[in-house]
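Structure file protein-v7.cif with mmCIF, C-alpha atoms and all ligand atoms:
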data_structure
#
loop_
_atom_site.label_atom_id
_atom_site.label_comp_id
_atom_site.auth_asym_id
_atom_site.auth_seq_id
_atom_site.Cartn_x
_atom_site.Cartn_y
_atom_site.Cartn_z
CA MET O 24 0.00 0.00 0.00
CA PRO O 25 1.21 3.53 -0.73
CA ARG O 26 2.44 5.54 2.24
CA ALA O 27 -0.52 7.57 3.48
CA GLU O 28 1.47 10.69 4.37
CA GLU O 29 2.49 11.07 0.75
CA LEU O 30 -1.10 10.80 -0.44
CA VAL O 31 -2.60 13.78 1.33
CA PHE O 32 -1.69 17.30 0.24
CA PRO O 33 1.65 16.18 -1.23
CA ARG O 34 2.30 19.53 -2.88
CA ARG O 35 2.02 21.35 0.40
CA GLU O 36 2.82 25.03 0.16
CA ARG O 37 5.92 25.64 2.20
CA PHE O 38 7.07 29.07 3.27
CA GLU O 39 5.13 31.20 0.80
CA ASP O 40 1.91 31.00 2.70
CA ARG O 41 2.17 30.01 6.33
CA ARG O 42 -1.48 30.59 7.06
CA LYS O 43 -2.50 28.11 4.37
CA GLU O 44 0.01 25.64 5.74
CA GLY O 45 -1.54 26.01 9.19
CA GLN O 46 -5.03 25.41 7.78
CA GLN O 47 -3.88 22.29 6.00
CA ARG O 48 -2.26 20.94 9.13
CA LYS O 49 -5.48 21.55 11.03
CA LEU O 50 -7.47 19.65 8.39
CA LEU O 51 -4.93 16.83 8.50
CA ASP O 52 -5.49 16.56 12.25
CA GLU O 53 -9.26 16.80 11.98
CA PHE O 54 -9.97 14.42 9.13
CA PHE O 55 -7.02 12.16 8.62
CA ASP O 56 -6.80 10.05 11.72
CA HIS O 57 -4.89 6.80 11.49
CA ALA O 58 -7.85 4.67 10.34
CA THR O 59 -8.89 7.22 7.71
CA LEU O 60 -5.32 7.39 6.39
CA LEU O 61 -5.37 3.62 6.04
CA ALA O 62 -8.63 3.84 4.10
CA ILE O 63 -7.09 6.54 1.88
CA SER O 64 -4.03 4.45 1.12
CA ARG O 65 -6.19 1.42 0.40
CA LEU O 66 -8.32 3.36 -2.08
CA ALA O 67 -5.20 4.83 -3.69
CA GLY O 68 -3.78 1.30 -3.85
CA GLN O 69 -6.91 0.23 -5.74
CA GLY O 70 -6.11 2.92 -8.30
CA LEU O 71 -8.96 5.30 -7.44
CA PHE O 72 -6.67 8.30 -7.11
CA ASP O 73 -2.98 9.21 -6.99
CA ALA O 74 -3.23 11.84 -4.25
CA ILE O 75 -5.56 14.19 -2.40
CA ASP O 76 -4.71 17.73 -3.49
CA PHE O 77 -6.60 20.20 -1.30
CA PRO O 78 -9.87 20.74 0.58
CA ILE O 79 -13.00 21.95 -1.24
CA SER O 80 -15.31 22.09 1.74
CA SER O 81 -15.17 21.18 5.40
CA GLY O 82 -18.21 20.86 7.62
CA LYS O 83 -19.32 19.35 10.89
CA GLU O 84 -20.08 15.94 9.42
CA GLY O 85 -17.23 15.69 7.02
CA GLY O 86 -15.09 17.23 4.35
CA VAL O 87 -14.83 17.08 0.59
CA PHE O 88 -11.42 17.15 -1.03
CA ARG O 89 -10.14 17.39 -4.57
CA ALA O 90 -7.99 14.53 -5.72
CA HIS O 91 -6.42 13.52 -9.01
CA LYS O 92 -5.69 10.38 -10.95
CA GLY O 93 -3.27 11.15 -13.73
CA THR O 94 -4.84 14.11 -15.49
CA GLU O 95 -8.35 13.30 -14.25
CA LEU O 96 -9.85 15.12 -11.28
CA ARG O 97 -11.80 13.36 -8.54
CA ALA O 98 -13.73 14.34 -5.42
CA VAL O 99 -13.21 12.50 -2.13
CA LYS O 100 -15.78 12.87 0.65
CA ILE O 101 -14.70 11.90 4.14
CA TYR O 102 -17.24 11.47 6.92
CA ARG O 103 -15.99 12.16 10.42
CA ILE O 104 -16.48 9.15 12.61
CA SER O 105 -17.91 10.95 15.60
CA ASN O 106 -20.98 11.18 17.69
CA THR O 107 -21.68 14.65 16.24
CA THR O 108 -21.89 13.26 12.70
CA PHE O 109 -24.10 10.48 13.87
CA ARG O 110 -26.49 12.80 15.69
CA ARG O 111 -26.90 14.98 12.60
CA LEU O 112 -28.09 12.15 10.37
CA PRO O 113 -31.87 12.37 9.81
CA ALA O 114 -33.83 9.84 11.88
CA TYR O 115 -35.95 8.45 9.03
CA ALA O 116 -32.89 7.56 6.92
CA LEU O 117 -30.96 6.21 9.88
CA GLU O 118 -33.88 3.92 10.61
CA GLU O 119 -33.65 2.52 7.09
CA LEU O 120 -29.93 2.04 7.47
CA ARG O 121 -30.43 0.17 10.74
CA ARG O 122 -32.95 -2.07 9.03
CA GLU O 123 -30.55 -2.79 6.16
CA SER O 124 -27.47 -3.50 8.28
CA SER O 125 -26.82 -5.37 11.46
CA VAL O 126 -24.42 -2.74 12.79
CA ARG O 127 -25.53 -0.77 15.81
CA ASN O 128 -22.58 1.33 17.00
CA PHE O 129 -22.25 4.81 15.49
CA GLY O 130 -18.91 4.08 13.78
CA GLY O 131 -20.47 1.19 11.90
CA LEU O 132 -23.50 3.26 10.99
CA ILE O 133 -21.33 6.04 9.55
CA VAL O 134 -19.53 3.45 7.44
CA GLY O 135 -22.96 2.21 6.34
CA TRP O 136 -23.96 5.80 5.60
CA THR O 137 -20.94 6.22 3.31
CA ARG O 138 -21.84 3.02 1.47
CA ARG O 139 -25.43 4.22 1.24
CA GLU O 140 -24.34 7.47 -0.42
CA HIS O 141 -22.31 5.46 -2.94
CA THR O 142 -25.24 3.13 -3.71
CA ILE O 143 -27.74 5.96 -4.13
CA LEU O 144 -25.39 7.92 -6.42
CA GLY O 145 -25.16 4.78 -8.55
CA ARG O 146 -28.91 4.36 -8.66
CA LEU O 147 -29.43 7.99 -9.66
CA ASP O 148 -26.68 7.85 -12.26
CA GLU O 149 -28.23 4.75 -13.83
CA ALA O 150 -31.58 6.51 -13.95
CA GLY O 151 -30.00 9.36 -15.91
CA VAL O 152 -30.02 11.94 -13.12
CA ARG O 153 -27.01 14.24 -13.26
CA VAL O 154 -24.94 13.38 -10.17
CA PRO O 155 -21.22 12.83 -9.59
CA LYS O 156 -20.52 9.26 -10.73
CA PRO O 157 -19.60 7.09 -7.73
CA LEU O 158 -16.17 5.50 -8.18
CA GLY O 159 -15.58 3.60 -4.95
CA HIS O 160 -15.76 3.70 -1.18
CA PHE O 161 -14.06 2.23 1.83
CA ARG O 162 -14.92 2.76 5.47
CA ASN O 163 -15.80 6.49 5.86
CA VAL O 164 -14.32 7.57 2.51
CA LEU O 165 -16.25 7.99 -0.75
CA VAL O 166 -14.61 8.65 -4.13
CA MET O 167 -16.63 10.24 -6.92
CA GLU O 168 -16.43 12.23 -10.09
CA PHE O 169 -15.26 15.80 -9.56
CA ILE O 170 -17.73 18.44 -10.75
CA GLY O 171 -15.76 21.43 -11.94
CA ASP O 172 -12.54 22.01 -13.83
CA GLU O 173 -8.86 22.87 -13.28
CA GLN O 174 -9.96 26.32 -12.07
CA GLY O 175 -11.97 24.87 -9.23
CA ALA O 176 -15.09 23.06 -8.08
CA ALA O 177 -18.41 24.09 -9.61
CA PRO O 178 -20.28 26.61 -7.42
CA ARG O 179 -23.31 25.62 -5.44
CA LEU O 180 -26.50 26.88 -7.04
CA LYS O 181 -26.82 29.16 -4.02
CA ASP O 182 -23.62 30.98 -5.06
CA ALA O 183 -23.93 30.68 -8.84
CA LEU O 184 -24.79 33.37 -11.36
CA VAL O 185 -27.75 32.02 -13.30
CA PRO O 186 -28.14 33.79 -16.66
CA ASP O 187 -31.47 32.20 -17.58
CA PRO O 188 -33.74 31.31 -14.63
CA ALA O 189 -36.44 29.90 -16.94
CA ALA O 190 -33.93 27.44 -18.40
CA LEU O 191 -32.81 26.59 -14.87
CA TYR O 192 -36.41 25.77 -13.95
CA GLU O 193 -36.71 23.44 -16.95
CA ASP O 194 -33.46 21.76 -15.94
CA LEU O 195 -34.58 21.33 -12.32
CA VAL O 196 -37.87 19.81 -13.47
CA ARG O 197 -35.97 17.38 -15.68
CA GLU O 198 -33.50 16.32 -12.95
CA PHE O 199 -35.97 16.12 -10.05
CA GLY O 200 -38.50 14.48 -12.32
CA ALA O 201 -36.02 11.77 -13.37
CA MET O 202 -35.16 11.22 -9.72
CA ILE O 203 -38.81 10.53 -8.89
CA ARG O 204 -40.10 8.87 -12.05
CA ARG O 205 -37.08 6.81 -13.06
CA ALA O 206 -35.03 6.27 -9.88
CA LYS O 207 -38.16 6.25 -7.66
CA LEU O 208 -36.27 8.24 -5.05
CA VAL O 209 -36.91 11.39 -3.08
CA HIS O 210 -33.69 13.25 -2.21
CA GLY O 211 -34.76 14.42 1.24
CA ASP O 212 -32.46 17.46 1.42
CA LEU O 213 -32.74 19.19 -1.93
CA SER O 214 -31.69 22.81 -1.82
CA PRO O 215 -29.49 25.33 -3.64
CA TYR O 216 -26.77 24.17 -1.20
CA ASN O 217 -26.92 20.56 -2.36
CA THR O 218 -27.11 21.39 -6.04
CA LEU O 219 -24.04 22.38 -8.04
CA TYR O 220 -24.23 24.53 -11.16
CA HIS O 221 -21.87 23.37 -13.87
CA GLU O 222 -21.86 24.34 -17.54
CA ASN O 223 -25.33 25.88 -17.14
CA ARG O 224 -26.81 22.66 -15.81
CA VAL O 225 -27.53 21.41 -12.31
CA VAL O 226 -25.78 18.47 -10.66
CA VAL O 227 -27.42 17.03 -7.55
CA ILE O 228 -25.12 16.07 -4.65
CA ASP O 229 -25.28 14.96 -0.99
CA VAL O 230 -27.73 12.11 -1.55
CA ALA O 231 -27.18 9.73 1.39
CA GLN O 232 -30.50 10.61 3.05
CA ALA O 233 -32.58 9.85 -0.07
CA ILE O 234 -35.49 7.45 0.40
CA GLY O 235 -37.84 5.47 -1.79
CA SER O 236 -40.79 7.43 -3.17
CA SER O 237 -43.29 5.29 -1.22
CA HIS O 238 -41.65 5.98 2.15
CA PRO O 239 -44.13 7.56 4.62
CA GLU O 240 -41.91 10.67 4.90
CA ALA O 241 -41.27 11.04 1.15
CA ARG O 242 -44.19 13.27 0.25
CA ARG O 243 -43.65 15.67 3.14
CA LEU O 244 -39.91 16.02 2.38
CA LEU O 245 -40.52 16.55 -1.32
CA GLU O 246 -43.18 19.21 -0.70
CA ARG O 247 -40.88 21.06 1.69
CA ASP O 248 -37.94 21.05 -0.73
CA ILE O 249 -40.02 21.97 -3.77
CA GLY O 250 -41.54 24.83 -1.75
CA ASN O 251 -38.05 26.14 -0.96
CA PHE O 252 -36.95 25.83 -4.57
CA ALA O 253 -40.08 27.63 -5.76
CA ARG O 254 -39.21 30.55 -3.45
CA TYR O 255 -35.62 30.50 -4.67
CA LEU O 256 -36.74 30.63 -8.33
CA THR O 257 -39.16 33.43 -7.55
CA ARG O 258 -36.30 35.43 -6.00
CA LEU O 259 -34.27 34.81 -9.18
CA GLY O 260 -37.07 36.44 -11.16
CA HIS O 261 -38.85 33.31 -12.35
CA PRO O 262 -41.99 32.98 -10.20
CA VAL O 263 -43.18 29.39 -9.84
CA GLU O 264 -46.16 28.02 -7.92
CA PRO O 265 -45.11 25.14 -5.65
CA GLU O 266 -48.16 23.09 -6.79
CA GLU O 267 -47.21 23.49 -10.44
CA PHE O 268 -43.56 22.57 -9.72
CA LEU O 269 -44.62 19.55 -7.66
CA ALA O 270 -46.92 18.28 -10.41
CA ALA O 271 -44.22 18.83 -13.06
CA VAL O 272 -41.69 16.60 -11.23
CA GLY O 273 -44.21 13.79 -10.71
CA GLY O 274 -45.23 14.59 -7.15
CA ASP O 275 -48.40 12.51 -7.67
CA GLU O 276 -46.21 9.43 -7.84
CA VAL O 277 -44.82 10.07 -4.37
CA GLY O 278 -46.45 8.79 -1.20
CA PRO O 279 -47.39 5.61 0.67
CA THR O 280 -49.34 4.23 -2.31
CA ALA O 281 -46.55 4.88 -4.84
CA LYS O 282 -45.15 1.91 -6.79
CA GLU O 283 -41.40 1.54 -6.42
N1 LIG O 301 -18.37 15.71 -6.64
C1 LIG O 301 -18.09 16.95 -6.26
N2 LIG O 301 -17.38 17.76 -7.09
C2 LIG O 301 -17.09 19.03 -6.70
N3 LIG O 301 -17.44 19.56 -5.51
C3 LIG O 301 -18.14 18.80 -4.65
C4 LIG O 301 -18.50 17.46 -4.98
N4 LIG O 301 -19.18 16.94 -3.94
C5 LIG O 301 -19.25 17.92 -3.00
N5 LIG O 301 -18.63 19.04 -3.41
C6 LIG O 301 -18.47 20.30 -2.63
O1 LIG O 301 -18.42 19.98 -1.26
C7 LIG O 301 -19.50 20.60 -0.56
C8 LIG O 301 -20.04 19.66 0.51
O2 LIG O 301 -20.53 18.47 -0.10
P1 LIG O 301 -21.84 17.75 0.41
O3 LIG O 301 -21.92 16.45 -0.28
O4 LIG O 301 -23.01 18.67 0.28
O5 LIG O 301 -21.50 17.48 1.92
P2 LIG O 301 -22.06 18.03 3.31
O6 LIG O 301 -23.17 19.00 3.03
O7 LIG O 301 -22.53 16.79 3.99
O8 LIG O 301 -20.87 18.66 3.95
C9 LIG O 301 -20.50 20.97 -1.63
O9 LIG O 301 -21.26 22.10 -1.28
C10 LIG O 301 -19.63 21.23 -2.84
O10 LIG O 301 -19.14 22.57 -2.78
MG MG O 302 -24.50 19.31 1.58
#
Please rewrite the model in this file as structure tokens.
Amino acid sequence: MPRAEELVFPRRERFEDRRKEGQQRKLLDEFFDHATLLAISRLAGQGLFDAIDFPISSGKEGGVFRAHKGTELRAVKIYRISNTTFRRLPAYALEELRRESSVRNFGGLIVGWTRREHTILGRLDEAGVRVPKPLGHFRNVLVMEFIGDEQGAAPRLKDALVPDPAALYEDLVREFGAMIRRAKLVHGDLSPYNTLYHENRVVVIDVAQAIGSSHPEARRLLERDIGNFARYLTRLGHPVEPEEFLAAVGGDEVGPTAKE
């Protein structure tokens, strides 16, 4: 297996920018504990990436890092194995995870959560929904397609400049509609934070809490998220009625009587 220390931030800035160096060391301490480093070197050994280049985002539950494999870019999401992460996972999805796996301790459930995100990305990708393609996972580490280019990661929809809000609406209807009608899934946390904007199209991310469209919570979650998106589109200058949006994405097919 490759030596883990050489796999994370290998091109560390040295004396030019001490503050950046300090930040990187802090991230190394926070995310790359011994077990996570082993997972990283195992995934690198499987050929999923050559090295982890720098952080894209770091939050309470985990961080997302840019990595590369030859000239190809990759994204690596690392969940923190901690009680805080565990407590932030939504109860309805955690319940499903418990049903699917025999693990009970929170470490095992976070590993299961990582696998779940990988599986759901695969299901959405197969259904033709634009998501980062899942490439592999091990323990609390998920490797996926990088959305963006050499200049950086694609912005979240929340931060993006949208030249044509009407076209964005059409695109959202297409993506959310495919999620419901073809993948038979409801995302559960759809928002302009969990949607990237790349080459004038949306890419849906952060899918681990998605549930089947016949789940008892599915309708409520979908209505909430569509309501928020309708307000967001209205602010952008493209007023949309939540009912119209909901119908357009196949909301009628969501609920306890839905066929999965
Ligand atoms: N595949 C990806 N390509 C590029 N950037 C990504 C990718 N996945 C996530 N990101 C970035 O990382 C951030 C956090 O990812 P997300 O999956 O939403 O994790 P969480 O919200 O649980 O921290 C996103 O807002 C986005 O900026
Ligand atoms: Mg997110």
Grab me every residue within 7 Å of ligand MG 302 (chain O), counting all atoms listed in the file, and send it over as a VMD selection string.
-> chain O and resid 216 to 217 229
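Residues of protein, DNA and RNA with at least one atom no farther than 6 Å from (-18.9, 9.0, 12.9) are, using only C-alpha atoms, Arg103, Ile104, Ser105, Asn106, Thr108, Phe109, Phe129, Gly130 and Ile133 of chain O.
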Closest-contact table, chain O side, partner ligand LIG 301 (chain O), 8 Å, counting all atoms listed in the file, as a Markdown table:
| residue | atom | partner | partner_atom | distance |
| --- | --- | --- | --- | --- |
| O:Ile79 | CA | O:LIG301 | O1 | 5.8 |
| O:Ser80 | CA | O:LIG301 | O1 | 4.8 |
| O:Ser81 | CA | O:LIG301 | O8 | 6.4 |
| O:Gly82 | CA | O:LIG301 | O8 | 5.0 |
| O:Lys83 | CA | O:LIG301 | O8 | 7.1 |
| O:Glu84 | CA | O:LIG301 | O7 | 6.0 |
| O:Gly85 | CA | O:LIG301 | O8 | 5.6 |
| O:Gly86 | CA | O:LIG301 | O8 | 6.0 |
| O:Val87 | CA | O:LIG301 | O1 | 5.0 |
| O:Phe88 | CA | O:LIG301 | O1 | 7.6 |
| O:Arg89 | CA | O:LIG301 | C2 | 7.5 |
| O:Arg97 | CA | O:LIG301 | N1 | 7.2 |
| O:Ala98 | CA | O:LIG301 | N1 | 5.0 |
| O:Val99 | CA | O:LIG301 | N1 | 7.6 |
| O:Lys100 | CA | O:LIG301 | N4 | 7.0 |
| O:Val154 | CA | O:LIG301 | N1 | 7.8 |
| O:Pro155 | CA | O:LIG301 | N1 | 5.0 |
| O:Lys156 | CA | O:LIG301 | N1 | 7.9 |
| O:Met167 | CA | O:LIG301 | N1 | 5.7 |
| O:Glu168 | CA | O:LIG301 | N1 | 5.3 |
| O:Phe169 | CA | O:LIG301 | N2 | 3.8 |
| O:Ile170 | CA | O:LIG301 | N2 | 3.7 |
| O:Gly171 | CA | O:LIG301 | C2 | 5.9 |
| O:Ala176 | CA | O:LIG301 | C2 | 4.7 |
| O:Ala177 | CA | O:LIG301 | C2 | 6.0 |
| O:Pro178 | CA | O:LIG301 | O10 | 6.3 |
| O:Arg179 | CA | O:LIG301 | O10 | 5.8 |
| O:Tyr216 | CA | O:LIG301 | O9 | 5.9 |
| O:Asn217 | CA | O:LIG301 | O4 | 5.1 |
| O:Thr218 | CA | O:LIG301 | O9 | 7.6 |
| O:Leu219 | CA | O:LIG301 | C10 | 6.9 |
| O:Ile228 | CA | O:LIG301 | O3 | 5.4 |
| O:Asp229 | CA | O:LIG301 | O3 | 3.7 |
| O:Val230 | CA | O:LIG301 | O3 | 7.4 |
Please identify every residue of range 71-157 of chain O that has at least one atom no farther than 9 Å from an atom of range 206-212 of chain O, counting only C-alpha atoms, and for each give the shortest atom pair and the distance in Å to one decimal, arranged by chain then increasing number, as JSON lines.
{"residue": "O:Ile143", "atom": "CA", "partner": "O:Leu208", "partner_atom": "CA", "distance": 8.9}
{"residue": "O:Arg146", "atom": "CA", "partner": "O:Ala206", "partner_atom": "CA", "distance": 6.5}
{"residue": "O:Leu147", "atom": "CA", "partner": "O:Ala206", "partner_atom": "CA", "distance": 5.9}
{"residue": "O:Asp148", "atom": "CA", "partner": "O:Ala206", "partner_atom": "CA", "distance": 8.8}
{"residue": "O:Glu149", "atom": "CA", "partner": "O:Ala206", "partner_atom": "CA", "distance": 8.0}
{"residue": "O:Ala150", "atom": "CA", "partner": "O:Ala206", "partner_atom": "CA", "distance": 5.3}
{"residue": "O:Gly151", "atom": "CA", "partner": "O:Ala206", "partner_atom": "CA", "distance": 8.4}
{"residue": "O:Val152", "atom": "CA", "partner": "O:Ala206", "partner_atom": "CA", "distance": 8.2}
Selection to disk with C-alpha atoms, as a PDB file, in the frame of the given file:
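File part-v4.pdb, as written:
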ATOM      1  CA  ILE O 143     -27.740   5.960  -4.130  1.00  0.00           C
ATOM      2  CA  ARG O 146     -28.910   4.360  -8.660  1.00  0.00           C
ATOM      3  CA  LEU O 147     -29.430   7.990  -9.660  1.00  0.00           C
ATOM      4  CA  ASP O 148     -26.680   7.850 -12.260  1.00  0.00           C
ATOM      5  CA  GLU O 149     -28.230   4.750 -13.830  1.00  0.00           C
ATOM      6  CA  ALA O 150     -31.580   6.510 -13.950  1.00  0.00           C
ATOM      7  CA  GLY O 151     -30.000   9.360 -15.910  1.00  0.00           C
ATOM      8  CA  VAL O 152     -30.020  11.940 -13.120  1.00  0.00           C
TER       9      VAL O 152
END
State, in Å with one decimal place, the distance from CA of Gly260 in chain O to CA of Ile203 in chain O.
->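 Computing the Euclidean distance for CA of Gly260 in chain O and CA of Ile203 in chain O yields 26.1 Å.
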For Val134 in chain O: contacts at 9 Å, all atoms listed in the file, fewer than 2 positions along chain excluded, given as a list in words =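 Skipping anything fewer than 2 positions along the chain leaves Tyr102, Ile104, Phe129, Gly130, Gly131, Leu132, Trp136, Thr137, Arg138, Arg139, Phe161, Arg162, Asn163 and Val164 of chain O.
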CA of Ala271 in chain O and CA of Asn223 in chain O are how many Å apart?
->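 Taking CA of Ala271 in chain O and CA of Asn223 in chain O, their separation equals 20.6 Å.
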For CA of Gln232 in chain O and CA of His91 in chain O, determine how far apart the two atoms are, in Å to one decimal place.
-> 27.1 Å
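Proximity ranking of O:Ala74, O:Val126, O:Ala253, O:Ala114 relative to Ile234 in chain O places O:Ala114 first, based on all atoms listed in the file.
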Can you list, as a list in words, every protein, DNA or RNA residue that comes within 9 Å of Leu195 in chain O when you count only C-alpha atoms, leaving out same-chain residues fewer than 3 positions away?
->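 Skipping anything fewer than 3 positions along the chain leaves Ala190, Leu191, Tyr192, Glu198, Phe199, Gly200, Arg224, Val225 and Val272 of chain O.
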Among listed residues O:Leu184, O:Val196, O:Leu244, O:Ile249, nearest Glu222 in chain O (using only C-alpha atoms) | O:Leu184
